[in-house]
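Colleague: Here it is: the structure, laid out below.
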There are 2 protein chains.
Amino acid sequence: MKHMNSVQLLLVEDDPNLGQLLKEYLEVKGFSVKLCRNGEEGYLTFKNEVFDFCIFDVMLPRMDGFTLAEKVRQKDTKIPILFLTAKSMKEDTIKGLQIGADDYMTKPFRMEELLLRIQAILRRTQGDPGSTSPKEHQQIGKFTFEYDQRKLIFQDEEQKLTSKEADLLFLLCQYRNQVLDRSLALKKIWREDTYFNARSMDVYVTKLRKYLRADDKLQIINVHGQGFKLIE
Amino acid sequence: MKHMNSVQLLLVEDDPNLGQLLKEYLEVKGFSVKLCRNGEEGYLTFKNEVFDFCIFDVMLPRMDGFTLAEKVRQKDTKIPILFLTAKSMKEDTIKGLQIGADDYMTKPFRMEELLLRIQAILRRTQGDPGSTSPKEHQQIGKFTFEYDQRKLIFQDEEQKLTSKEADLLFLLCQYRNQVLDRSLALKKIWREDTYFNARSMDVYVTKLRKYLRADDKLQIINVHGQGFKLIE
DNA sequence: TAAATCTAGTTAAAAGATGTTAAAATAATG
DNA sequence: CATTATTTTAACATCTTTTAACTAGATTTA
């Protein structure tokens, strides 16, 4: 049996029967599932916890699935979102596409198929869950960033990074040219979003900016009240 | 790392009768069993001693078996955990799966069956392709590491290792490309996690780094506040 | 718009953890 | 028992992270 942190899944579905059924099925398949009954509850939950995957019903009380998805996207531009649509409505499909949905399921559907789609999206976005993580080499402007080695290489110069520096830079890279939400970063790297951690993060942003100065096309800009964006 | 003749087993069970019965039975079968009465006691014991196997009742006073298992997993990502569940509760099974349980027993059960399952898990975890058996030679970059011979071989050069050096390198290899928790290493090799032992371990890390320098693709990097990671 | 308030940028000091070397203590060996 | 190998302890240097303090923007409020 594999010892891995399970994928944290946010499921928002107002039909109690379907919701509970899906939750249980996905849990048996090894996911951690948080079930919310309406859009507002879903959004609050999303803000307070860290998830890897979202499944939203489109028709929801208090806030519909698309609005929810938009708000979630503002906070996390990468998280996969899969919609459950009541019928194959063209408008739904279109609107979902605009928001950046990763997939759709039209009710009714077989749970096995849902599972397959989730797995497909996860493979696409994360890489194989079973295999060892591939060596992360990334290009950031003129730099090569070796996350596992904690190195930032520019021409012959090699800047060693501390673990926190590397973690933050890695997250910024994942959200390259997009806003990395402050709170998300704090929760992912510092484990909790507190005042002091936030200040600590600011210090690290300053450090990273210093390292990246060698390439003047690179910038870490602040988006007031939201977070930071690494732009090339 | 001392290769003890018996498997060290941590049993957390609040029912005094069942607890004592299991302890005695398993001891007759050749295990060393530590019995704790509640989750907190179990966790403290786990932190202070070294075990090879955990058996946790799910319903426990002071801290339930799942929470206990999660905290144990944070410290030791490999140790087998078997749950005892009061009834065949689906939620229990699910939550256990997410935590990475290795097996379940639903009460009531026959002790012979428990024994068989423990033995099966131990066979599986020892013969796991991921983990290396102590007797095998392993490759670390350009080196061949013969743990039982306490030798590190590179081309014609053969570096003799002391037992502590070999133990630490062996543990690092088991957690290759993963963080080896400081406290876990201290408990496994030094038997307890104290300030002075920690400093001693740091000295050994320095020694190992010196040995491994011949292959510049190998590194033992520190993860501040957590532990060390051997990366290839 | 000015003042107040909140958020972020930056630097430096403080606190904590690790790296390294060498001497001291302990254990193993002939 | 003397010698040698191993491990621990001590000391000091360095690195990492957090906290504090001060400055500067941004946004809101009156």
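Residue numbering restarts at 1 in every chain; chains get A, B, ... in the order shown in the structure tokens, and ligands count up from 1 in that same order.
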Set the cut-off to 12 Å and count only C-alpha atoms (C1' of nucleotides): what are the residues of chain D that reach chain B? Output as a list of chain:residue names.
Modeller: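 That gives D:DA5, D:DT6, D:DT7, D:DT8, D:DT9, D:DA10, D:DC15, D:DT16, D:DT17 for chain D.
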Colleague: Could you save those same residues with C-alpha atoms (C1' of nucleotides) as a tab-separated table (two decimals), in the first residue's frame?
Modeller:
```
chain	number	residue	atom	x	y	z
D	5	DA	C1'	39.46	3.14	16.78
D	6	DT	C1'	35.17	5.18	17.59
D	7	DT	C1'	32.04	8.25	19.51
D	8	DT	C1'	30.83	12.21	22.16
D	9	DT	C1'	31.48	16.76	23.79
D	10	DA	C1'	32.92	21.40	23.33
D	15	DC	C1'	23.74	29.93	7.88
D	16	DT	C1'	18.59	30.11	8.14
D	17	DT	C1'	14.53	31.90	9.76
```
Colleague: Pairing every C-alpha atom in order, fit chain B onto chain A and give me the RMSD in Å.
Modeller: 3.8 Å
Colleague: Using only C-alpha atoms (C1' of nucleotides), tabulate the residues of chain C lying at most 8 Å from any atom of chain A, each with its closest atom pair and that distance in Å to one decimal, by chain and increasing residue number, as a Markdown table.
Modeller:
```
| residue | atom | partner | partner_atom | distance |
| --- | --- | --- | --- | --- |
| C:DT7 | C1' | A:Gly225 | CA | 6.8 |
| C:DA8 | C1' | A:Asp202 | CA | 7.5 |
| C:DG9 | C1' | A:Thr206 | CA | 7.3 |
| C:DT10 | C1' | A:Thr206 | CA | 7.5 |
```
Colleague: Could you list the residues in chain A lying within 6 Å of chain B, using only C-alpha atoms, and format the result as a CSV table (one decimal) with N, CA and C atoms, in the first residue's frame?
Modeller:
```
chain,number,residue,atom,x,y,z
A,3,HIS,N,2.1,4.9,0.7
A,3,HIS,CA,2.0,5.9,1.7
A,3,HIS,C,2.2,7.3,1.0
A,6,SER,N,-2.8,12.0,0.4
A,6,SER,CA,-3.9,11.9,-0.5
A,6,SER,C,-4.2,13.3,-1.1
A,27,GLU,N,-13.6,8.8,-1.7
A,27,GLU,CA,-12.8,8.5,-0.5
A,27,GLU,C,-12.3,7.0,-0.5
A,28,VAL,N,-13.1,6.1,-0.9
A,28,VAL,CA,-12.7,4.7,-1.1
A,28,VAL,C,-11.5,4.7,-2.1
A,30,GLY,N,-9.3,6.7,-2.3
A,30,GLY,CA,-8.1,7.3,-1.8
A,30,GLY,C,-8.0,8.8,-1.7
```
Colleague: Apply DSSP to the structure's backbone, then extract all residues of segment 21-193 of chain A labelled strand (DSSP E) and return them as a ChimeraX atom specification.
Modeller: /A:32-36,53-57,81-85,103-106,137-140,143-146,151-154,157-160,179-181
Colleague: Name the residues of segment 4-186 of chain B that come out as helix (DSSP H, G or I) in a backbone DSSP run; write them as a count of residues only.
Modeller: 77
Colleague: Env of Ser183 of chain A: 8 Å cut, atoms = only C-alpha atoms (C1' of nucleotides), seq-sep filter 2 positions within chain, self excluded. Answer as a ChimeraX atom specification.
Modeller: /A:181,185-187,193,227
Colleague: Compile the contact shell of segment 53-68 of chain A as a VMD selection string: residues with an atom at most 7 Å away, counting only C-alpha atoms (C1' of nucleotides), same-chain residues fewer than 4 positions apart removed.
Modeller: chain A and resid 8 to 14 38 to 40 43 72 79 to 85 96
Colleague: Can you work out the spacing between atom CA of Gln178 of chain B and atom CA of Ile140 of chain B in Å, to one decimal?
Modeller: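 Distance between the two atoms: 14.3 Å.
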